[in-house]
$ cat work.cif   # mmCIF, N, CA, C and O atoms
data_model
#
loop_
_atom_site.label_atom_id
_atom_site.label_comp_id
_atom_site.auth_asym_id
_atom_site.auth_seq_id
_atom_site.Cartn_x
_atom_site.Cartn_y
_atom_site.Cartn_z
N MET W 15 -1.71 -42.36 -5.20
CA MET W 15 -2.59 -41.30 -4.75
C MET W 15 -3.66 -41.07 -5.82
O MET W 15 -3.37 -40.99 -7.00
N SER W 16 -4.88 -40.95 -5.40
CA SER W 16 -5.97 -40.74 -6.36
C SER W 16 -5.97 -39.32 -6.89
O SER W 16 -5.39 -38.41 -6.29
N GLY W 17 -6.65 -39.12 -8.01
CA GLY W 17 -6.74 -37.79 -8.60
C GLY W 17 -7.39 -36.79 -7.66
O GLY W 17 -6.97 -35.64 -7.57
N LYS W 18 -8.40 -37.25 -6.91
CA LYS W 18 -9.08 -36.37 -5.97
C LYS W 18 -8.15 -35.96 -4.83
O LYS W 18 -8.12 -34.81 -4.42
N ALA W 19 -7.35 -36.91 -4.34
CA ALA W 19 -6.40 -36.62 -3.26
C ALA W 19 -5.33 -35.65 -3.73
O ALA W 19 -4.93 -34.75 -2.97
N ILE W 20 -4.88 -35.82 -4.96
CA ILE W 20 -3.86 -34.91 -5.50
C ILE W 20 -4.42 -33.50 -5.63
O ILE W 20 -3.77 -32.52 -5.26
N ARG W 21 -5.66 -33.39 -6.11
CA ARG W 21 -6.30 -32.07 -6.23
C ARG W 21 -6.43 -31.41 -4.86
O ARG W 21 -6.18 -30.22 -4.71
N LEU W 22 -6.81 -32.19 -3.88
CA LEU W 22 -6.97 -31.67 -2.52
C LEU W 22 -5.63 -31.24 -1.94
O LEU W 22 -5.52 -30.19 -1.32
N ALA W 23 -4.61 -32.05 -2.15
CA ALA W 23 -3.27 -31.72 -1.64
C ALA W 23 -2.68 -30.52 -2.37
O ALA W 23 -1.88 -29.77 -1.80
N TYR W 24 -3.09 -30.33 -3.61
CA TYR W 24 -2.55 -29.22 -4.40
C TYR W 24 -3.16 -27.88 -4.01
O TYR W 24 -2.55 -26.84 -4.24
N LYS W 25 -4.32 -27.87 -3.38
CA LYS W 25 -5.02 -26.62 -3.03
C LYS W 25 -4.11 -25.65 -2.27
O LYS W 25 -3.97 -24.50 -2.69
N PRO W 26 -3.48 -26.06 -1.15
CA PRO W 26 -2.63 -25.10 -0.43
C PRO W 26 -1.41 -24.68 -1.25
O PRO W 26 -0.97 -23.53 -1.17
N VAL W 27 -0.90 -25.60 -2.05
CA VAL W 27 0.23 -25.26 -2.92
C VAL W 27 -0.20 -24.21 -3.94
O VAL W 27 0.50 -23.22 -4.17
N GLY W 28 -1.37 -24.40 -4.51
CA GLY W 28 -1.90 -23.44 -5.48
C GLY W 28 -2.11 -22.07 -4.86
O GLY W 28 -1.85 -21.05 -5.50
N LEU W 29 -2.59 -22.04 -3.62
CA LEU W 29 -2.78 -20.75 -2.93
C LEU W 29 -1.45 -20.04 -2.71
O LEU W 29 -1.34 -18.83 -2.93
N LEU W 30 -0.44 -20.78 -2.30
CA LEU W 30 0.88 -20.18 -2.10
C LEU W 30 1.47 -19.70 -3.42
O LEU W 30 2.07 -18.62 -3.48
N LEU W 31 1.30 -20.50 -4.46
CA LEU W 31 1.80 -20.10 -5.78
C LEU W 31 1.08 -18.84 -6.26
O LEU W 31 1.71 -17.93 -6.82
N GLY W 32 -0.23 -18.76 -6.02
CA GLY W 32 -0.99 -17.58 -6.41
C GLY W 32 -0.52 -16.32 -5.68
O GLY W 32 -0.39 -15.26 -6.28
N ALA W 33 -0.26 -16.46 -4.38
CA ALA W 33 0.24 -15.31 -3.61
C ALA W 33 1.62 -14.88 -4.10
O ALA W 33 1.89 -13.68 -4.26
N GLY W 34 2.47 -15.86 -4.35
CA GLY W 34 3.79 -15.55 -4.87
C GLY W 34 3.72 -14.90 -6.24
O GLY W 34 4.47 -13.95 -6.54
N ALA W 35 2.81 -15.36 -7.06
CA ALA W 35 2.62 -14.78 -8.40
C ALA W 35 2.19 -13.32 -8.28
O ALA W 35 2.63 -12.48 -9.06
N GLY W 36 1.33 -13.02 -7.31
CA GLY W 36 0.90 -11.64 -7.11
C GLY W 36 2.06 -10.73 -6.76
O GLY W 36 2.15 -9.61 -7.26
N VAL W 37 2.94 -11.21 -5.90
CA VAL W 37 4.12 -10.42 -5.51
C VAL W 37 5.03 -10.21 -6.72
O VAL W 37 5.48 -9.08 -6.99
N ILE W 38 5.30 -11.28 -7.44
CA ILE W 38 6.15 -11.19 -8.63
C ILE W 38 5.54 -10.24 -9.66
O ILE W 38 6.23 -9.39 -10.22
N ALA W 39 4.24 -10.36 -9.89
CA ALA W 39 3.57 -9.51 -10.88
C ALA W 39 3.65 -8.04 -10.47
O ALA W 39 3.84 -7.17 -11.33
N GLY W 40 3.53 -7.76 -9.18
CA GLY W 40 3.65 -6.38 -8.71
C GLY W 40 5.03 -5.79 -8.99
O GLY W 40 5.14 -4.64 -9.44
N VAL W 41 6.05 -6.58 -8.75
CA VAL W 41 7.43 -6.13 -9.01
C VAL W 41 7.64 -5.91 -10.51
O VAL W 41 8.21 -4.89 -10.93
N VAL W 42 7.18 -6.86 -11.32
CA VAL W 42 7.33 -6.74 -12.77
C VAL W 42 6.59 -5.51 -13.29
O VAL W 42 7.13 -4.74 -14.09
N PHE W 43 5.36 -5.32 -12.82
CA PHE W 43 4.57 -4.17 -13.27
C PHE W 43 5.27 -2.86 -12.94
O PHE W 43 5.33 -1.95 -13.78
N LYS W 44 5.80 -2.73 -11.75
CA LYS W 44 6.49 -1.49 -11.37
C LYS W 44 7.67 -1.21 -12.29
O LYS W 44 7.89 -0.07 -12.69
N GLN W 45 8.42 -2.25 -12.62
CA GLN W 45 9.56 -2.07 -13.52
C GLN W 45 9.10 -1.69 -14.93
O GLN W 45 9.67 -0.79 -15.55
N VAL W 46 8.07 -2.37 -15.43
CA VAL W 46 7.56 -2.07 -16.77
C VAL W 46 6.99 -0.66 -16.81
O VAL W 46 7.21 0.08 -17.78
N TRP W 47 6.28 -0.25 -15.77
CA TRP W 47 5.69 1.08 -15.76
C TRP W 47 6.77 2.16 -15.74
O TRP W 47 6.63 3.19 -16.39
N ARG W 48 7.84 1.92 -15.02
CA ARG W 48 8.94 2.90 -15.00
C ARG W 48 9.50 3.13 -16.40
O ARG W 48 9.82 4.23 -16.78
N ILE W 49 9.57 2.04 -17.16
CA ILE W 49 10.09 2.14 -18.53
C ILE W 49 9.04 2.73 -19.47
O ILE W 49 9.31 3.66 -20.22
N ALA W 50 7.83 2.19 -19.43
CA ALA W 50 6.76 2.60 -20.35
C ALA W 50 6.16 3.95 -19.99
O ALA W 50 5.82 4.74 -20.87
N GLY W 51 6.01 4.21 -18.71
CA GLY W 51 5.32 5.42 -18.27
C GLY W 51 6.23 6.56 -17.91
O GLY W 51 5.77 7.66 -17.64
N HIS W 52 7.52 6.28 -17.89
CA HIS W 52 8.49 7.32 -17.54
C HIS W 52 8.15 7.97 -16.21
O HIS W 52 8.30 9.18 -16.03
N ASP W 53 7.68 7.18 -15.28
CA ASP W 53 7.31 7.67 -13.96
C ASP W 53 7.59 6.57 -12.96
O ASP W 53 7.49 5.39 -13.28
N ASP W 54 7.93 6.95 -11.73
CA ASP W 54 8.25 5.95 -10.72
C ASP W 54 7.02 5.24 -10.18
O ASP W 54 7.10 4.12 -9.70
N GLU W 55 5.87 5.88 -10.23
CA GLU W 55 4.67 5.29 -9.67
C GLU W 55 3.52 5.33 -10.67
O GLU W 55 3.27 6.36 -11.29
N ALA W 56 2.85 4.21 -10.81
CA ALA W 56 1.70 4.14 -11.71
C ALA W 56 0.54 4.91 -11.10
O ALA W 56 0.42 5.01 -9.88
N PRO W 57 -0.32 5.45 -11.94
CA PRO W 57 -1.47 6.21 -11.41
C PRO W 57 -2.51 5.28 -10.78
O PRO W 57 -2.66 4.14 -11.18
N HIS W 58 -3.19 5.80 -9.79
CA HIS W 58 -4.32 5.11 -9.18
C HIS W 58 -5.59 5.67 -9.80
O HIS W 58 -5.60 6.79 -10.34
N ALA W 59 -6.66 4.94 -9.72
CA ALA W 59 -7.92 5.37 -10.31
C ALA W 59 -8.39 6.70 -9.73
O ALA W 59 -9.09 7.46 -10.40
N THR W 60 -8.00 7.01 -8.51
CA THR W 60 -8.46 8.24 -7.86
C THR W 60 -7.45 9.37 -7.93
O THR W 60 -7.66 10.41 -7.31
N ASP W 61 -6.37 9.21 -8.70
CA ASP W 61 -5.40 10.29 -8.86
C ASP W 61 -6.02 11.40 -9.70
O ASP W 61 -6.25 11.24 -10.90
N GLU W 62 -6.27 12.51 -9.06
CA GLU W 62 -6.93 13.63 -9.73
C GLU W 62 -6.08 14.24 -10.83
O GLU W 62 -6.60 14.73 -11.84
N ASP W 63 -4.77 14.20 -10.67
CA ASP W 63 -3.86 14.84 -11.62
C ASP W 63 -3.53 13.98 -12.84
O ASP W 63 -2.77 14.41 -13.70
N ARG W 64 -4.07 12.79 -12.91
CA ARG W 64 -3.79 11.89 -14.03
C ARG W 64 -5.04 11.78 -14.90
O ARG W 64 -6.16 11.77 -14.41
N GLY W 65 -4.83 11.68 -16.18
CA GLY W 65 -5.95 11.58 -17.12
C GLY W 65 -6.51 10.17 -17.23
O GLY W 65 -5.89 9.20 -16.80
N TRP W 66 -7.70 10.09 -17.83
CA TRP W 66 -8.36 8.81 -18.02
C TRP W 66 -7.48 7.82 -18.78
O TRP W 66 -7.37 6.66 -18.41
N ALA W 67 -6.89 8.28 -19.86
CA ALA W 67 -6.10 7.38 -20.71
C ALA W 67 -4.94 6.77 -19.93
O ALA W 67 -4.68 5.56 -20.03
N GLU W 68 -4.26 7.57 -19.15
CA GLU W 68 -3.11 7.07 -18.38
C GLU W 68 -3.56 6.08 -17.30
O GLU W 68 -2.94 5.03 -17.12
N VAL W 69 -4.64 6.40 -16.61
CA VAL W 69 -5.15 5.52 -15.56
C VAL W 69 -5.60 4.19 -16.15
O VAL W 69 -5.27 3.11 -15.63
N LEU W 70 -6.35 4.24 -17.25
CA LEU W 70 -6.85 3.00 -17.86
C LEU W 70 -5.73 2.18 -18.49
O LEU W 70 -5.75 0.95 -18.44
N ALA W 71 -4.75 2.85 -19.08
CA ALA W 71 -3.61 2.13 -19.66
C ALA W 71 -2.83 1.41 -18.56
O ALA W 71 -2.42 0.25 -18.72
N ALA W 72 -2.63 2.07 -17.44
CA ALA W 72 -1.91 1.45 -16.32
C ALA W 72 -2.69 0.25 -15.79
O ALA W 72 -2.10 -0.81 -15.50
N ALA W 73 -4.00 0.38 -15.68
CA ALA W 73 -4.82 -0.72 -15.18
C ALA W 73 -4.79 -1.91 -16.14
O ALA W 73 -4.68 -3.07 -15.70
N ALA W 74 -4.87 -1.64 -17.42
CA ALA W 74 -4.84 -2.71 -18.42
C ALA W 74 -3.49 -3.43 -18.41
O ALA W 74 -3.43 -4.66 -18.45
N LEU W 75 -2.42 -2.68 -18.34
CA LEU W 75 -1.08 -3.25 -18.31
C LEU W 75 -0.89 -4.09 -17.04
O LEU W 75 -0.37 -5.21 -17.09
N GLN W 76 -1.33 -3.55 -15.93
CA GLN W 76 -1.20 -4.27 -14.67
C GLN W 76 -1.99 -5.58 -14.70
O GLN W 76 -1.50 -6.63 -14.27
N GLY W 77 -3.19 -5.54 -15.22
CA GLY W 77 -4.01 -6.74 -15.32
C GLY W 77 -3.39 -7.79 -16.24
O GLY W 77 -3.39 -8.98 -15.92
N ALA W 78 -2.85 -7.35 -17.36
CA ALA W 78 -2.24 -8.27 -18.31
C ALA W 78 -1.00 -8.94 -17.70
O ALA W 78 -0.80 -10.15 -17.83
N ILE W 79 -0.19 -8.15 -17.03
CA ILE W 79 1.02 -8.69 -16.41
C ILE W 79 0.64 -9.67 -15.31
O ILE W 79 1.20 -10.76 -15.20
N PHE W 80 -0.34 -9.30 -14.48
CA PHE W 80 -0.76 -10.20 -13.40
C PHE W 80 -1.28 -11.52 -13.96
O PHE W 80 -0.90 -12.59 -13.48
N ALA W 81 -2.12 -11.47 -14.98
CA ALA W 81 -2.68 -12.69 -15.56
C ALA W 81 -1.59 -13.57 -16.16
O ALA W 81 -1.60 -14.80 -16.00
N LEU W 82 -0.63 -12.96 -16.84
CA LEU W 82 0.46 -13.71 -17.46
C LEU W 82 1.33 -14.39 -16.41
O LEU W 82 1.64 -15.58 -16.52
N VAL W 83 1.72 -13.65 -15.38
CA VAL W 83 2.57 -14.21 -14.33
C VAL W 83 1.82 -15.30 -13.57
O VAL W 83 2.36 -16.37 -13.30
N LYS W 84 0.56 -15.05 -13.23
CA LYS W 84 -0.23 -16.03 -12.49
C LYS W 84 -0.38 -17.33 -13.27
O LYS W 84 -0.19 -18.42 -12.73
N ALA W 85 -0.71 -17.23 -14.55
CA ALA W 85 -0.86 -18.42 -15.39
C ALA W 85 0.46 -19.18 -15.51
O ALA W 85 0.48 -20.42 -15.45
N THR W 86 1.55 -18.45 -15.66
CA THR W 86 2.86 -19.08 -15.77
C THR W 86 3.22 -19.84 -14.50
O THR W 86 3.65 -21.01 -14.56
N VAL W 87 3.03 -19.21 -13.36
CA VAL W 87 3.38 -19.83 -12.09
C VAL W 87 2.47 -21.03 -11.80
O VAL W 87 2.94 -22.10 -11.39
N GLU W 88 1.18 -20.88 -12.02
CA GLU W 88 0.26 -21.99 -11.76
C GLU W 88 0.51 -23.16 -12.70
O GLU W 88 0.45 -24.32 -12.29
N ARG W 89 0.79 -22.87 -13.96
CA ARG W 89 1.06 -23.93 -14.93
C ARG W 89 2.34 -24.67 -14.55
O ARG W 89 2.40 -25.91 -14.62
N ALA W 90 3.37 -23.94 -14.14
CA ALA W 90 4.62 -24.57 -13.73
C ALA W 90 4.41 -25.42 -12.48
O ALA W 90 4.98 -26.51 -12.36
N GLY W 91 3.59 -24.94 -11.56
CA GLY W 91 3.29 -25.71 -10.35
C GLY W 91 2.57 -27.00 -10.68
O GLY W 91 2.88 -28.07 -10.14
N ALA W 92 1.59 -26.93 -11.56
CA ALA W 92 0.86 -28.13 -11.96
C ALA W 92 1.77 -29.12 -12.68
O ALA W 92 1.69 -30.33 -12.46
N ALA W 93 2.66 -28.59 -13.51
CA ALA W 93 3.61 -29.47 -14.22
C ALA W 93 4.55 -30.13 -13.21
O ALA W 93 4.91 -31.31 -13.38
N GLY W 94 4.93 -29.40 -12.18
CA GLY W 94 5.78 -29.98 -11.13
C GLY W 94 5.07 -31.09 -10.38
O GLY W 94 5.68 -32.12 -10.06
N VAL W 95 3.79 -30.90 -10.11
CA VAL W 95 3.01 -31.95 -9.44
C VAL W 95 2.92 -33.18 -10.33
O VAL W 95 3.07 -34.31 -9.87
N ARG W 96 2.69 -32.97 -11.62
CA ARG W 96 2.62 -34.11 -12.55
C ARG W 96 3.96 -34.87 -12.57
O ARG W 96 3.99 -36.09 -12.56
N LYS W 97 5.03 -34.11 -12.57
CA LYS W 97 6.36 -34.75 -12.60
C LYS W 97 6.61 -35.55 -11.32
O LYS W 97 7.18 -36.62 -11.35
N ALA W 98 6.15 -35.01 -10.18
CA ALA W 98 6.37 -35.67 -8.90
C ALA W 98 5.44 -36.86 -8.67
O ALA W 98 5.83 -37.84 -8.05
N THR W 99 4.19 -36.75 -9.16
CA THR W 99 3.20 -37.78 -8.85
C THR W 99 2.74 -38.59 -10.05
O THR W 99 2.11 -39.63 -9.88
N GLY W 100 2.99 -38.07 -11.24
CA GLY W 100 2.52 -38.75 -12.45
C GLY W 100 1.10 -38.37 -12.83
O GLY W 100 0.57 -38.89 -13.80
N GLN W 101 0.47 -37.48 -12.03
CA GLN W 101 -0.90 -37.08 -12.32
C GLN W 101 -1.03 -35.56 -12.33
O GLN W 101 -0.39 -34.87 -11.53
N TRP W 102 -1.88 -35.08 -13.20
CA TRP W 102 -2.15 -33.64 -13.28
C TRP W 102 -3.09 -33.26 -12.15
O TRP W 102 -4.10 -33.93 -11.92
N PRO W 103 -2.84 -32.15 -11.43
CA PRO W 103 -3.66 -31.80 -10.28
C PRO W 103 -4.99 -31.16 -10.62
O PRO W 103 -5.83 -30.98 -9.74
N GLY W 104 -5.21 -30.75 -11.86
CA GLY W 104 -6.34 -29.99 -12.29
C GLY W 104 -7.67 -30.55 -11.99
O GLY W 104 -8.66 -30.00 -11.83
#

$ encode --input "work.cif" --output "C-alpha coordinates"
Amino acid sequence: MSGKAIRLAYKPVGLLLGAGAGVIAGVVFKQVWRIAGHDDEAPHATDEDRGWAEVLAAAALQGAIFALVKATVERAGAAGVRKATGQWPG
(Lines of atoms letter the chains of each structure in order from A and count residues from 1; the text may use other names and numbers.)
(Lines give C-alpha, C1' and ligand atoms only; values in the text may rest on other atoms or scores of the structure.)
Protein backbone atom coordinates (compact mmCIF):
# COMPACT_ATOMS: atom_id res chain seq x y z
CA MET A 1 0.00 0.00 0.00
CA SER A 2 1.37 3.41 -0.89
CA GLY A 3 1.90 6.18 1.64
CA LYS A 4 -0.90 8.19 0.06
CA ALA A 5 -3.32 5.25 0.26
CA ILE A 6 -2.43 4.67 3.91
CA ARG A 7 -3.03 8.35 4.73
CA LEU A 8 -6.38 8.21 2.95
CA ALA A 9 -7.40 4.99 4.70
CA TYR A 10 -6.32 6.43 8.04
CA LYS A 11 -8.61 9.50 7.75
CA PRO A 12 -11.80 7.78 9.03
CA VAL A 13 -9.79 5.99 11.71
CA GLY A 14 -8.32 9.30 12.81
CA LEU A 15 -11.79 10.86 12.99
CA LEU A 16 -13.08 8.02 15.15
CA LEU A 17 -10.02 8.21 17.38
CA GLY A 18 -10.51 11.97 17.73
CA ALA A 19 -14.16 11.54 18.74
CA GLY A 20 -13.22 8.85 21.24
CA ALA A 21 -10.47 11.06 22.63
CA GLY A 22 -13.01 13.84 23.17
CA VAL A 23 -15.25 11.52 25.18
CA ILE A 24 -12.33 10.22 27.24
CA ALA A 25 -11.03 13.75 27.85
CA GLY A 26 -14.47 14.86 29.05
CA VAL A 27 -14.63 12.03 31.58
CA VAL A 28 -11.07 12.67 32.78
CA PHE A 29 -11.70 16.41 33.12
CA LYS A 30 -14.83 15.86 35.21
CA GLN A 31 -12.92 13.59 37.57
CA VAL A 32 -9.95 15.98 37.84
CA TRP A 33 -12.26 18.96 38.42
CA ARG A 34 -14.07 17.15 41.23
CA ILE A 35 -10.73 16.65 42.96
CA ALA A 36 -9.13 20.02 42.12
CA GLY A 37 -12.22 22.21 42.25
CA HIS A 38 -14.05 20.51 45.08
CA ASP A 39 -17.22 20.80 43.04
CA ASP A 40 -19.23 18.32 40.99
CA GLU A 41 -19.53 20.60 37.97
CA ALA A 42 -16.97 22.85 36.35
CA PRO A 43 -18.01 26.45 35.76
CA HIS A 44 -19.17 27.62 32.35
CA ALA A 45 -18.04 30.93 30.91
CA THR A 46 -21.54 32.33 31.45
CA ASP A 47 -21.94 31.22 35.08
CA GLU A 48 -22.73 34.47 36.82
CA ASP A 49 -21.94 33.12 40.29
CA ARG A 50 -18.40 32.04 39.40
CA GLY A 51 -15.40 34.35 39.29
CA TRP A 52 -13.06 35.00 36.39
CA ALA A 53 -10.21 33.06 37.95
CA GLU A 54 -12.29 29.92 38.47
CA VAL A 55 -13.80 30.04 34.97
CA LEU A 56 -10.43 30.60 33.28
CA ALA A 57 -8.69 27.95 35.40
CA ALA A 58 -11.37 25.42 34.46
CA ALA A 59 -11.04 26.30 30.77
CA ALA A 60 -7.25 26.02 30.85
CA LEU A 61 -7.37 22.67 32.64
CA GLN A 62 -9.99 21.34 30.27
CA GLY A 63 -7.98 22.42 27.24
CA ALA A 64 -4.78 20.89 28.56
CA ILE A 65 -6.46 17.57 29.35
CA PHE A 66 -8.17 17.47 25.96
CA ALA A 67 -4.91 18.18 24.10
CA LEU A 68 -3.01 15.56 26.10
CA VAL A 69 -5.63 12.84 25.61
CA LYS A 70 -6.09 13.66 21.91
CA ALA A 71 -2.35 13.57 21.22
CA THR A 72 -1.98 10.31 23.13
CA VAL A 73 -4.83 8.59 21.29
CA GLU A 74 -3.79 9.86 17.85
CA ARG A 75 -0.15 8.92 18.41
CA ALA A 76 -1.14 5.43 19.55
CA GLY A 77 -3.39 5.06 16.49
CA ALA A 78 -0.61 6.10 14.14
CA ALA A 79 1.79 3.70 15.85
CA GLY A 80 -0.78 0.93 15.41
CA VAL A 81 -1.04 1.69 11.70
CA ARG A 82 2.74 1.58 11.39
CA LYS A 83 2.82 -1.77 13.18
CA ALA A 84 0.08 -3.17 10.92
CA THR A 85 1.34 -1.77 7.61
CA GLY A 86 4.98 -0.88 8.15
CA GLN A 87 4.30 2.75 7.20
CA TRP A 88 3.52 5.86 9.23
CA PRO A 89 0.12 7.34 8.25
CA GLY A 90 1.16 10.97 8.80

$ closest_residue --input "work.cif" --among "W:Asp61, W:Gly91, W:Gly40, W:His52" --to "W:Pro103" --atoms "all atoms listed in the file"
W:Gly91

$ closest_residue --input "work.cif" --among "W:Asp54, W:Lys44, W:Ala93, W:Glu62" --to "W:Leu75" --atoms "only C-alpha atoms"
W:Lys44

$ resolve_selection --input "work.cif" --expression "the PyMOL selection byres ((chain W and resi 16-27) around 6)" --output "ChimeraX atom specification"
/W:15,28-32,102-104

$ atom_distance --input "work.cif" --atom1 "atom C of W:Ala33" --atom2 "atom CA of W:Ala73"
19.1 Å

$ select_by_dssp --input "work.cif" --residues "chain W" --states "helix (DSSP H, G or I)" --output "PyMOL selection string"
chain W and resi 17-51+66-99

$ closest_residue --input "work.cif" --among "W:Ala67, W:Ile38, W:Ala56, W:Ile49" --to "W:Val83" --atoms "all atoms listed in the file"
W:Ile38

$ atom_distance --input "work.cif" --atom1 "atom CA of W:Ala81" --atom2 "atom CA of W:Val37"
12.3 Å

$ atom_distance --input "work.cif" --atom1 "atom O of W:Val46" --atom2 "atom CA of W:Ala90"
25.1 Å

$ closest_residue --input "work.cif" --among "W:Phe80, W:Thr86, W:Ala59, W:Gln101" --to "W:Gly36" --atoms "only N, CA, C and O atoms"
W:Phe80
